[in-house]
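Participant: The structure that follows is given in the form of structure tokens.
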Amino acid sequence: QSTQANLAESGDYDLIVLVSYNHTEALTQNAVEYPDQNWMLINAHVDEPNVAGYTWANHEMSFLAGVAAATMTTKDFSTGDYSTDPDGKTIGFAGGVDGALIQAFEESYIAGAEYVDSEVEVLTGYGGTFEDPAQVKSVADSQYGNGADIVYHAAAAAGEGAFQAAQEANRYAIGVDSDQSQSLSDYSDVILGSAVKFINEGTREVANAVVDDDFGSVQGSNLLGIEEEGVDFVIGQNFTDDSDNPLPDDVSTNVQDAKDDITGGNVDVPCSASGCNN
């Protein structure tokens with residue numbers, strides 16, 4: 001709370017951007033205390049006229065990750081020491097802390113897999129942490145040991161453990177939030193792709209509104225999904241079409257079909273961007 005207040009008190013900033021719902025409680029006070037200060041809150045919302053709340057559709061991008069994983073689990077695909085088992089139809093999900101938010105990643109990932117093939121088995125587990133990779137690695141180790149070709153993690157910094165497990169098991173993984181084949185390039189040989197949020201698009205939108213003196217256009221609760229080009233599934237840098245080991249065309253085709261069905265209203269993605277509240 002004091003950090004927010006100190007920034008606002010300085011009067012130096014036309015816009016203060018806060019990342020994560022951890023800022024929400026303090027902002028409910030500071031937005032009122034500093035009514036002339038424009039705030040942007042990422043991944044949450046505070047209902048005040050000087051706050052632009054932006055959330056990205058975690059569930060939609062996780063659905064796409066499920067589509068990609070289910071497409072690949074039946075493919076005969078290998079790169080160096082790593083390979084899939086085309087005779088099985090098993091993939092995994094390794095979450096961080098078990099709760100409504102991450103359950104939306106899990107449920108939507110499962111639904112994406114079923115969109116491709118109803119016979120795909122999805123193994124799920126939680127490491128109970130967003131910070132300790134060893135805990136998530138243990139979950140992923142178990143899933144690879146039980147036949148998973150690919151594990152998708154939703155565990156923030158702890159998700160690195162899933163990539164470590166993939167390398168040790170000679171299997172593959174899917175990253176989250178950003179293109180982790182780029183941000184964690186030590187694991188680019190196993191990261192087939194990532195479910196990504198384009199945080200920069202929302203931030204640019206709010207910054208432009210401040211510059212144009214049109215904050216009212218972004219004030220309130222805003223959701224960026226597939227239709228707004230706010231989330232997507234991107235193929236890892238080692239597996240793009242211009243790489244030595246491109247993924248089968250079916251991956252891009254199936255992901256695009258899923259995007260079209262979601263934006264066209266033909267597919268209902270489970271849960272919401274804020275989680276599963278069932």
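Identifiers in this document derive from the order of the structure tokens: chains are assigned A, B, ..., residues are numbered from 1 separately in each chain, and ligands are numbered from 1 in order of occurrence.
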List the neighbours of range 104-111 of chain A out to 8 Å using only C-alpha atoms; skip same-chain residues closer than 2 positions along the sequence, and give me the result as JSON, numbers by chain.

Facilitator: {"A": [58, 59, 60, 62, 63, 64, 65, 66, 67, 93, 95, 100, 101, 102, 113, 114, 115, 122, 124, 154, 269, 270, 271, 272, 273, 274, 275, 276]}

Participant: If you count only C-alpha atoms, which residues fall within 9 Å of Thr24 in chain A, apart from same-chain ones fewer than 5 positions away, as a list in words?

Facilitator: Leu18, Leu41, Ala44, His45 and Val46 of chain A

Participant: Restrict the selected residues to all heavy atoms and save them as a PDB file, in the first residue's frame.

Facilitator:
```pdb
ATOM      1  N   LEU A  18      -0.002  -1.561 -12.117  1.00  0.00           N
ATOM      2  CA  LEU A  18       0.186  -2.538 -11.045  1.00  0.00           C
ATOM      3  C   LEU A  18      -0.079  -3.935 -11.598  1.00  0.00           C
ATOM      4  O   LEU A  18      -1.087  -4.156 -12.259  1.00  0.00           O
ATOM      5  CB  LEU A  18      -0.782  -2.248  -9.892  1.00  0.00           C
ATOM      6  CG  LEU A  18      -0.795  -0.806  -9.374  1.00  0.00           C
ATOM      7  CD1 LEU A  18      -1.929  -0.611  -8.388  1.00  0.00           C
ATOM      8  CD2 LEU A  18       0.546  -0.460  -8.721  1.00  0.00           C
ATOM      9  N   LEU A  41      -4.628  -1.824 -13.302  1.00  0.00           N
ATOM     10  CA  LEU A  41      -4.442  -3.028 -12.491  1.00  0.00           C
ATOM     11  C   LEU A  41      -4.554  -4.248 -13.393  1.00  0.00           C
ATOM     12  O   LEU A  41      -5.600  -4.484 -14.006  1.00  0.00           O
ATOM     13  CB  LEU A  41      -5.488  -3.085 -11.378  1.00  0.00           C
ATOM     14  CG  LEU A  41      -5.432  -4.298 -10.440  1.00  0.00           C
ATOM     15  CD1 LEU A  41      -4.065  -4.419  -9.767  1.00  0.00           C
ATOM     16  CD2 LEU A  41      -6.534  -4.211  -9.391  1.00  0.00           C
ATOM     17  N   ALA A  44      -6.774  -8.058 -12.311  1.00  0.00           N
ATOM     18  CA  ALA A  44      -7.816  -7.825 -11.303  1.00  0.00           C
ATOM     19  C   ALA A  44      -8.510  -6.509 -11.639  1.00  0.00           C
ATOM     20  O   ALA A  44      -8.194  -5.852 -12.637  1.00  0.00           O
ATOM     21  CB  ALA A  44      -7.237  -7.793  -9.895  1.00  0.00           C
ATOM     22  N   HIS A  45      -9.460  -6.098 -10.772  1.00  0.00           N
ATOM     23  CA  HIS A  45     -10.227  -4.879 -11.031  1.00  0.00           C
ATOM     24  C   HIS A  45     -10.686  -4.253  -9.724  1.00  0.00           C
ATOM     25  O   HIS A  45     -11.028  -4.961  -8.779  1.00  0.00           O
ATOM     26  CB  HIS A  45     -11.447  -5.187 -11.905  1.00  0.00           C
ATOM     27  CG  HIS A  45     -12.389  -4.046 -12.029  1.00  0.00           C
ATOM     28  ND1 HIS A  45     -12.000  -2.807 -12.508  1.00  0.00           N
ATOM     29  CD2 HIS A  45     -13.702  -3.918 -11.702  1.00  0.00           C
ATOM     30  CE1 HIS A  45     -13.027  -1.988 -12.506  1.00  0.00           C
ATOM     31  NE2 HIS A  45     -14.071  -2.637 -12.004  1.00  0.00           N
ATOM     32  N   VAL A  46     -10.639  -2.942  -9.692  1.00  0.00           N
ATOM     33  CA  VAL A  46     -11.199  -2.160  -8.589  1.00  0.00           C
ATOM     34  C   VAL A  46     -12.184  -1.167  -9.200  1.00  0.00           C
ATOM     35  O   VAL A  46     -11.839  -0.440 -10.139  1.00  0.00           O
ATOM     36  CB  VAL A  46     -10.095  -1.410  -7.805  1.00  0.00           C
ATOM     37  CG1 VAL A  46     -10.710  -0.405  -6.829  1.00  0.00           C
ATOM     38  CG2 VAL A  46      -9.207  -2.405  -7.058  1.00  0.00           C
TER      39      VAL A  46
END
```

Participant: May I ask for the distance between CA of Leu223 in chain A and CA of Gly53 in chain A, given in Å to one decimal place?

Facilitator: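 According to the coordinates, CA of Leu223 in chain A and CA of Gly53 in chain A are separated by 8.5 Å.
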
Participant: Can you pull out every residue from range 35-258 of chain A that DSSP, working from the backbone, puts in strand (DSSP E or B), and format the result as a PDB file with N, CA, C and O atoms, in the first residue's frame?

Facilitator:
```pdb
ATOM      1  N   ASN A  38      -4.262   8.202 -12.387  1.00  0.00           N
ATOM      2  CA  ASN A  38      -4.745   7.095 -13.209  1.00  0.00           C
ATOM      3  C   ASN A  38      -3.984   5.819 -12.856  1.00  0.00           C
ATOM      4  O   ASN A  38      -2.749   5.826 -12.757  1.00  0.00           O
ATOM      5  N   TRP A  39      -4.735   4.738 -12.676  1.00  0.00           N
ATOM      6  CA  TRP A  39      -4.144   3.452 -12.325  1.00  0.00           C
ATOM      7  C   TRP A  39      -4.553   2.390 -13.349  1.00  0.00           C
ATOM      8  O   TRP A  39      -5.676   2.404 -13.843  1.00  0.00           O
ATOM      9  N   MET A  40      -3.653   1.471 -13.608  1.00  0.00           N
ATOM     10  CA  MET A  40      -3.989   0.266 -14.360  1.00  0.00           C
ATOM     11  C   MET A  40      -3.666  -0.932 -13.472  1.00  0.00           C
ATOM     12  O   MET A  40      -2.554  -1.034 -12.937  1.00  0.00           O
ATOM     13  N   LEU A  41      -4.628  -1.824 -13.302  1.00  0.00           N
ATOM     14  CA  LEU A  41      -4.442  -3.028 -12.491  1.00  0.00           C
ATOM     15  C   LEU A  41      -4.554  -4.248 -13.393  1.00  0.00           C
ATOM     16  O   LEU A  41      -5.600  -4.484 -14.006  1.00  0.00           O
ATOM     17  N   ILE A  42      -3.470  -4.992 -13.502  1.00  0.00           N
ATOM     18  CA  ILE A  42      -3.409  -6.175 -14.362  1.00  0.00           C
ATOM     19  C   ILE A  42      -3.812  -7.416 -13.576  1.00  0.00           C
ATOM     20  O   ILE A  42      -3.322  -7.649 -12.471  1.00  0.00           O
ATOM     21  N   VAL A  51      -9.511   3.787 -12.312  1.00  0.00           N
ATOM     22  CA  VAL A  51      -8.833   2.488 -12.423  1.00  0.00           C
ATOM     23  C   VAL A  51      -9.275   1.764 -13.691  1.00  0.00           C
ATOM     24  O   VAL A  51     -10.470   1.596 -13.940  1.00  0.00           O
ATOM     25  N   ALA A  52      -8.293   1.339 -14.474  1.00  0.00           N
ATOM     26  CA  ALA A  52      -8.536   0.456 -15.622  1.00  0.00           C
ATOM     27  C   ALA A  52      -8.074  -0.938 -15.224  1.00  0.00           C
ATOM     28  O   ALA A  52      -6.877  -1.168 -15.001  1.00  0.00           O
ATOM     29  N   GLY A  53      -9.024  -1.846 -15.071  1.00  0.00           N
ATOM     30  CA  GLY A  53      -8.692  -3.221 -14.711  1.00  0.00           C
ATOM     31  C   GLY A  53      -8.641  -4.089 -15.956  1.00  0.00           C
ATOM     32  O   GLY A  53      -9.587  -4.092 -16.753  1.00  0.00           O
ATOM     33  N   TYR A  54      -7.548  -4.813 -16.124  1.00  0.00           N
ATOM     34  CA  TYR A  54      -7.384  -5.660 -17.321  1.00  0.00           C
ATOM     35  C   TYR A  54      -7.068  -7.098 -16.920  1.00  0.00           C
ATOM     36  O   TYR A  54      -6.163  -7.358 -16.131  1.00  0.00           O
ATOM     37  N   THR A  55      -7.866  -8.007 -17.469  1.00  0.00           N
ATOM     38  CA  THR A  55      -7.668  -9.430 -17.257  1.00  0.00           C
ATOM     39  C   THR A  55      -7.551 -10.114 -18.608  1.00  0.00           C
ATOM     40  O   THR A  55      -8.225  -9.730 -19.557  1.00  0.00           O
ATOM     41  N   TRP A  56      -6.695 -11.094 -18.670  1.00  0.00           N
ATOM     42  CA  TRP A  56      -6.513 -11.862 -19.910  1.00  0.00           C
ATOM     43  C   TRP A  56      -7.194 -13.220 -19.767  1.00  0.00           C
ATOM     44  O   TRP A  56      -7.261 -13.781 -18.672  1.00  0.00           O
ATOM     45  N   SER A  78       9.882 -36.844 -33.095  1.00  0.00           N
ATOM     46  CA  SER A  78      11.110 -36.937 -32.300  1.00  0.00           C
ATOM     47  C   SER A  78      12.102 -35.872 -32.739  1.00  0.00           C
ATOM     48  O   SER A  78      12.144 -35.482 -33.907  1.00  0.00           O
ATOM     49  N   THR A  79      12.868 -35.403 -31.771  1.00  0.00           N
ATOM     50  CA  THR A  79      13.925 -34.411 -32.025  1.00  0.00           C
ATOM     51  C   THR A  79      15.087 -34.759 -31.100  1.00  0.00           C
ATOM     52  O   THR A  79      14.986 -34.581 -29.888  1.00  0.00           O
ATOM     53  N   TYR A  82      14.551 -36.494 -27.656  1.00  0.00           N
ATOM     54  CA  TYR A  82      13.171 -36.343 -27.190  1.00  0.00           C
ATOM     55  C   TYR A  82      12.186 -36.911 -28.208  1.00  0.00           C
ATOM     56  O   TYR A  82      12.397 -36.839 -29.412  1.00  0.00           O
ATOM     57  N   SER A  83      11.082 -37.464 -27.683  1.00  0.00           N
ATOM     58  CA  SER A  83      10.099 -38.039 -28.594  1.00  0.00           C
ATOM     59  C   SER A  83       8.736 -38.162 -27.912  1.00  0.00           C
ATOM     60  O   SER A  83       8.624 -38.113 -26.685  1.00  0.00           O
ATOM     61  N   THR A  90      -1.836 -39.753 -23.890  1.00  0.00           N
ATOM     62  CA  THR A  90      -1.772 -39.252 -22.528  1.00  0.00           C
ATOM     63  C   THR A  90      -0.974 -37.962 -22.478  1.00  0.00           C
ATOM     64  O   THR A  90       0.127 -37.876 -23.025  1.00  0.00           O
ATOM     65  N   ILE A  91      -1.541 -36.950 -21.804  1.00  0.00           N
ATOM     66  CA  ILE A  91      -0.871 -35.670 -21.588  1.00  0.00           C
ATOM     67  C   ILE A  91      -1.050 -35.282 -20.125  1.00  0.00           C
ATOM     68  O   ILE A  91      -1.816 -35.920 -19.391  1.00  0.00           O
ATOM     69  N   GLY A  92      -0.343 -34.243 -19.697  1.00  0.00           N
ATOM     70  CA  GLY A  92      -0.408 -33.866 -18.293  1.00  0.00           C
ATOM     71  C   GLY A  92      -0.629 -32.382 -18.076  1.00  0.00           C
ATOM     72  O   GLY A  92      -0.408 -31.567 -18.973  1.00  0.00           O
ATOM     73  N   PHE A  93      -1.076 -32.058 -16.866  1.00  0.00           N
ATOM     74  CA  PHE A  93      -1.221 -30.668 -16.414  1.00  0.00           C
ATOM     75  C   PHE A  93      -0.627 -30.556 -15.014  1.00  0.00           C
ATOM     76  O   PHE A  93      -1.022 -31.297 -14.102  1.00  0.00           O
ATOM     77  N   ALA A  94       0.328 -29.642 -14.848  1.00  0.00           N
ATOM     78  CA  ALA A  94       0.961 -29.416 -13.547  1.00  0.00           C
ATOM     79  C   ALA A  94       0.662 -27.992 -13.094  1.00  0.00           C
ATOM     80  O   ALA A  94       1.185 -27.029 -13.654  1.00  0.00           O
ATOM     81  N   GLY A  95      -0.196 -27.877 -12.092  1.00  0.00           N
ATOM     82  CA  GLY A  95      -0.565 -26.567 -11.576  1.00  0.00           C
ATOM     83  C   GLY A  95       0.310 -26.143 -10.409  1.00  0.00           C
ATOM     84  O   GLY A  95       1.038 -26.949  -9.827  1.00  0.00           O
ATOM     85  N   GLU A 121      -6.263 -39.027 -22.461  1.00  0.00           N
ATOM     86  CA  GLU A 121      -6.262 -39.001 -20.995  1.00  0.00           C
ATOM     87  C   GLU A 121      -5.408 -37.838 -20.516  1.00  0.00           C
ATOM     88  O   GLU A 121      -4.280 -37.642 -20.989  1.00  0.00           O
ATOM     89  N   VAL A 122      -5.940 -37.061 -19.589  1.00  0.00           N
ATOM     90  CA  VAL A 122      -5.207 -35.914 -19.048  1.00  0.00           C
ATOM     91  C   VAL A 122      -4.919 -36.165 -17.573  1.00  0.00           C
ATOM     92  O   VAL A 122      -5.833 -36.231 -16.743  1.00  0.00           O
ATOM     93  N   LEU A 123      -3.644 -36.315 -17.246  1.00  0.00           N
ATOM     94  CA  LEU A 123      -3.219 -36.480 -15.857  1.00  0.00           C
ATOM     95  C   LEU A 123      -3.051 -35.097 -15.243  1.00  0.00           C
ATOM     96  O   LEU A 123      -2.475 -34.200 -15.870  1.00  0.00           O
ATOM     97  N   THR A 124      -3.541 -34.902 -14.029  1.00  0.00           N
ATOM     98  CA  THR A 124      -3.469 -33.569 -13.410  1.00  0.00           C
ATOM     99  C   THR A 124      -2.890 -33.652 -12.008  1.00  0.00           C
ATOM    100  O   THR A 124      -3.036 -34.664 -11.307  1.00  0.00           O
ATOM    101  N   GLY A 125      -2.228 -32.584 -11.599  1.00  0.00           N
ATOM    102  CA  GLY A 125      -1.674 -32.509 -10.251  1.00  0.00           C
ATOM    103  C   GLY A 125      -1.218 -31.099  -9.938  1.00  0.00           C
ATOM    104  O   GLY A 125      -1.068 -30.261 -10.847  1.00  0.00           O
ATOM    105  N   TYR A 126      -1.006 -30.836  -8.657  1.00  0.00           N
ATOM    106  CA  TYR A 126      -0.602 -29.499  -8.199  1.00  0.00           C
ATOM    107  C   TYR A 126       0.620 -29.597  -7.293  1.00  0.00           C
ATOM    108  O   TYR A 126       0.689 -30.469  -6.417  1.00  0.00           O
ATOM    109  N   ILE A 150       3.415 -34.927 -23.064  1.00  0.00           N
ATOM    110  CA  ILE A 150       3.516 -33.478 -22.979  1.00  0.00           C
ATOM    111  C   ILE A 150       2.845 -33.035 -21.685  1.00  0.00           C
ATOM    112  O   ILE A 150       1.756 -33.504 -21.355  1.00  0.00           O
ATOM    113  N   VAL A 151       3.482 -32.128 -20.956  1.00  0.00           N
ATOM    114  CA  VAL A 151       2.895 -31.550 -19.750  1.00  0.00           C
ATOM    115  C   VAL A 151       2.810 -30.031 -19.916  1.00  0.00           C
ATOM    116  O   VAL A 151       3.786 -29.379 -20.297  1.00  0.00           O
ATOM    117  N   TYR A 152       1.633 -29.490 -19.640  1.00  0.00           N
ATOM    118  CA  TYR A 152       1.390 -28.043 -19.631  1.00  0.00           C
ATOM    119  C   TYR A 152       1.403 -27.584 -18.181  1.00  0.00           C
ATOM    120  O   TYR A 152       0.718 -28.164 -17.340  1.00  0.00           O
ATOM    121  N   HIS A 153       2.182 -26.575 -17.885  1.00  0.00           N
ATOM    122  CA  HIS A 153       2.212 -26.089 -16.510  1.00  0.00           C
ATOM    123  C   HIS A 153       1.504 -24.751 -16.396  1.00  0.00           C
ATOM    124  O   HIS A 153       1.467 -23.948 -17.327  1.00  0.00           O
ATOM    125  N   ALA A 154       0.926 -24.512 -15.219  1.00  0.00           N
ATOM    126  CA  ALA A 154       0.382 -23.202 -14.851  1.00  0.00           C
ATOM    127  C   ALA A 154       0.838 -22.956 -13.429  1.00  0.00           C
ATOM    128  O   ALA A 154       0.076 -23.085 -12.475  1.00  0.00           O
ATOM    129  N   TYR A 172       8.187 -33.774 -23.856  1.00  0.00           N
ATOM    130  CA  TYR A 172       7.983 -32.363 -24.212  1.00  0.00           C
ATOM    131  C   TYR A 172       7.081 -31.664 -23.200  1.00  0.00           C
ATOM    132  O   TYR A 172       6.454 -32.302 -22.343  1.00  0.00           O
ATOM    133  N   ALA A 173       7.023 -30.331 -23.319  1.00  0.00           N
ATOM    134  CA  ALA A 173       6.223 -29.528 -22.391  1.00  0.00           C
ATOM    135  C   ALA A 173       5.639 -28.329 -23.115  1.00  0.00           C
ATOM    136  O   ALA A 173       6.028 -28.006 -24.249  1.00  0.00           O
ATOM    137  N   ILE A 174       4.689 -27.662 -22.443  1.00  0.00           N
ATOM    138  CA  ILE A 174       4.076 -26.432 -22.957  1.00  0.00           C
ATOM    139  C   ILE A 174       4.179 -25.365 -21.879  1.00  0.00           C
ATOM    140  O   ILE A 174       3.850 -25.615 -20.708  1.00  0.00           O
ATOM    141  N   GLY A 175       4.634 -24.184 -22.276  1.00  0.00           N
ATOM    142  CA  GLY A 175       4.816 -23.075 -21.349  1.00  0.00           C
ATOM    143  C   GLY A 175       3.563 -22.234 -21.203  1.00  0.00           C
ATOM    144  O   GLY A 175       2.533 -22.479 -21.835  1.00  0.00           O
ATOM    145  N   VAL A 176       3.670 -21.197 -20.359  1.00  0.00           N
ATOM    146  CA  VAL A 176       2.494 -20.386 -20.038  1.00  0.00           C
ATOM    147  C   VAL A 176       2.856 -18.902 -19.910  1.00  0.00           C
ATOM    148  O   VAL A 176       3.997 -18.565 -19.580  1.00  0.00           O
ATOM    149  N   ASP A 177       1.890 -18.060 -20.206  1.00  0.00           N
ATOM    150  CA  ASP A 177       1.932 -16.602 -20.028  1.00  0.00           C
ATOM    151  C   ASP A 177       2.764 -15.877 -21.080  1.00  0.00           C
ATOM    152  O   ASP A 177       2.317 -14.886 -21.650  1.00  0.00           O
ATOM    153  N   ILE A 191      10.226 -27.294 -25.195  1.00  0.00           N
ATOM    154  CA  ILE A 191       9.013 -26.467 -25.141  1.00  0.00           C
ATOM    155  C   ILE A 191       8.399 -26.377 -26.536  1.00  0.00           C
ATOM    156  O   ILE A 191       8.829 -25.594 -27.384  1.00  0.00           O
ATOM    157  N   LEU A 192       7.371 -27.198 -26.775  1.00  0.00           N
ATOM    158  CA  LEU A 192       6.722 -27.230 -28.090  1.00  0.00           C
ATOM    159  C   LEU A 192       6.016 -25.918 -28.403  1.00  0.00           C
ATOM    160  O   LEU A 192       5.891 -25.528 -29.565  1.00  0.00           O
ATOM    161  N   GLY A 193       5.527 -25.263 -27.377  1.00  0.00           N
ATOM    162  CA  GLY A 193       4.814 -23.999 -27.555  1.00  0.00           C
ATOM    163  C   GLY A 193       4.420 -23.453 -26.203  1.00  0.00           C
ATOM    164  O   GLY A 193       4.702 -24.057 -25.158  1.00  0.00           O
ATOM    165  N   SER A 194       3.750 -22.307 -26.217  1.00  0.00           N
ATOM    166  CA  SER A 194       3.312 -21.679 -24.976  1.00  0.00           C
ATOM    167  C   SER A 194       1.944 -21.039 -25.168  1.00  0.00           C
ATOM    168  O   SER A 194       1.642 -20.513 -26.241  1.00  0.00           O
ATOM    169  N   ALA A 195       1.145 -21.101 -24.105  1.00  0.00           N
ATOM    170  CA  ALA A 195      -0.110 -20.345 -24.054  1.00  0.00           C
ATOM    171  C   ALA A 195       0.246 -18.950 -23.555  1.00  0.00           C
ATOM    172  O   ALA A 195       0.745 -18.812 -22.437  1.00  0.00           O
ATOM    173  N   VAL A 196       0.015 -17.941 -24.372  1.00  0.00           N
ATOM    174  CA  VAL A 196       0.566 -16.618 -24.069  1.00  0.00           C
ATOM    175  C   VAL A 196      -0.510 -15.552 -23.890  1.00  0.00           C
ATOM    176  O   VAL A 196      -1.587 -15.615 -24.482  1.00  0.00           O
ATOM    177  N   LYS A 197      -0.159 -14.570 -23.040  1.00  0.00           N
ATOM    178  CA  LYS A 197      -0.952 -13.353 -22.863  1.00  0.00           C
ATOM    179  C   LYS A 197      -0.141 -12.190 -23.419  1.00  0.00           C
ATOM    180  O   LYS A 197       1.038 -12.050 -23.098  1.00  0.00           O
ATOM    181  N   GLY A 220     -12.759   0.723 -15.845  1.00  0.00           N
ATOM    182  CA  GLY A 220     -13.651  -0.404 -15.599  1.00  0.00           C
ATOM    183  C   GLY A 220     -12.943  -1.730 -15.775  1.00  0.00           C
ATOM    184  O   GLY A 220     -11.713  -1.813 -15.776  1.00  0.00           O
ATOM    185  N   SER A 221     -13.734  -2.794 -15.930  1.00  0.00           N
ATOM    186  CA  SER A 221     -13.203  -4.145 -16.069  1.00  0.00           C
ATOM    187  C   SER A 221     -13.122  -4.523 -17.543  1.00  0.00           C
ATOM    188  O   SER A 221     -14.129  -4.496 -18.248  1.00  0.00           O
ATOM    189  N   ASN A 222     -11.938  -4.862 -18.001  1.00  0.00           N
ATOM    190  CA  ASN A 222     -11.705  -5.202 -19.407  1.00  0.00           C
ATOM    191  C   ASN A 222     -11.127  -6.606 -19.518  1.00  0.00           C
ATOM    192  O   ASN A 222     -10.224  -6.973 -18.766  1.00  0.00           O
ATOM    193  N   LEU A 223     -11.665  -7.374 -20.447  1.00  0.00           N
ATOM    194  CA  LEU A 223     -11.186  -8.733 -20.682  1.00  0.00           C
ATOM    195  C   LEU A 223     -10.651  -8.843 -22.098  1.00  0.00           C
ATOM    196  O   LEU A 223     -11.338  -8.498 -23.065  1.00  0.00           O
ATOM    197  N   LEU A 224      -9.418  -9.314 -22.211  1.00  0.00           N
ATOM    198  CA  LEU A 224      -8.815  -9.527 -23.525  1.00  0.00           C
ATOM    199  C   LEU A 224      -8.671 -11.023 -23.774  1.00  0.00           C
ATOM    200  O   LEU A 224      -7.958 -11.723 -23.046  1.00  0.00           O
ATOM    201  N   VAL A 231      -4.805 -13.157 -26.248  1.00  0.00           N
ATOM    202  CA  VAL A 231      -4.181 -14.431 -25.878  1.00  0.00           C
ATOM    203  C   VAL A 231      -4.044 -15.296 -27.127  1.00  0.00           C
ATOM    204  O   VAL A 231      -4.739 -15.082 -28.118  1.00  0.00           O
ATOM    205  N   ASP A 232      -3.146 -16.282 -27.039  1.00  0.00           N
ATOM    206  CA  ASP A 232      -2.929 -17.151 -28.199  1.00  0.00           C
ATOM    207  C   ASP A 232      -2.090 -18.352 -27.759  1.00  0.00           C
ATOM    208  O   ASP A 232      -1.636 -18.421 -26.621  1.00  0.00           O
ATOM    209  N   PHE A 233      -1.891 -19.264 -28.683  1.00  0.00           N
ATOM    210  CA  PHE A 233      -0.908 -20.334 -28.519  1.00  0.00           C
ATOM    211  C   PHE A 233       0.178 -20.097 -29.555  1.00  0.00           C
ATOM    212  O   PHE A 233      -0.121 -19.983 -30.752  1.00  0.00           O
ATOM    213  N   VAL A 234       1.430 -19.993 -29.102  1.00  0.00           N
ATOM    214  CA  VAL A 234       2.543 -19.778 -30.036  1.00  0.00           C
ATOM    215  C   VAL A 234       3.462 -20.990 -30.010  1.00  0.00           C
ATOM    216  O   VAL A 234       3.710 -21.577 -28.949  1.00  0.00           O
ATOM    217  N   ILE A 235       3.950 -21.364 -31.162  1.00  0.00           N
ATOM    218  CA  ILE A 235       4.846 -22.508 -31.289  1.00  0.00           C
ATOM    219  C   ILE A 235       6.246 -22.117 -30.819  1.00  0.00           C
ATOM    220  O   ILE A 235       6.718 -21.005 -31.073  1.00  0.00           O
TER     221      ILE A 235
END
```

Participant: Excluding Asp149 in chain A and residues on its chain fewer than 3 positions from it, collect all residues at most 6 Å away from it, counting only C-alpha atoms, and give them as a PyMOL selection string.

Facilitator: chain A and resi 73+84+91+171

Participant: Could you check the closest approach to Asp261 in chain A for each of A:Gly112, A:Gln37, A:Ala162, A:Val120 and tell me which residue wins, using only C-alpha atoms?

Facilitator: A:Gly112

Participant: Between A:Gln219, A:Asn254, A:Asn266, A:Ser183, which residue has the minimum interatomic distance to Pro49 in chain A, considering only C-alpha atoms?

Facilitator: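 Checking each of A:Gln219, A:Asn254, A:Asn266, A:Ser183 against Pro49 in chain A, counting only C-alpha atoms, the winner is A:Gln219.
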
Participant: Please extract the residues of range 7-182 of chain A with a backbone DSSP assignment of helix (DSSP H, G or I) and present them as a ChimeraX atom specification.

Facilitator: /A:7-10,21-33,58-73,100-116,133-145,156-169,180-182

Participant: Using only C-alpha atoms, find the one residue out of A:Glu9, A:Asn50, A:Gly88, A:Gln237 that sits nearest to Leu27 in chain A.

Facilitator: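 Looking at the shortest contact to Leu27 in chain A, the residue is A:Asn50.
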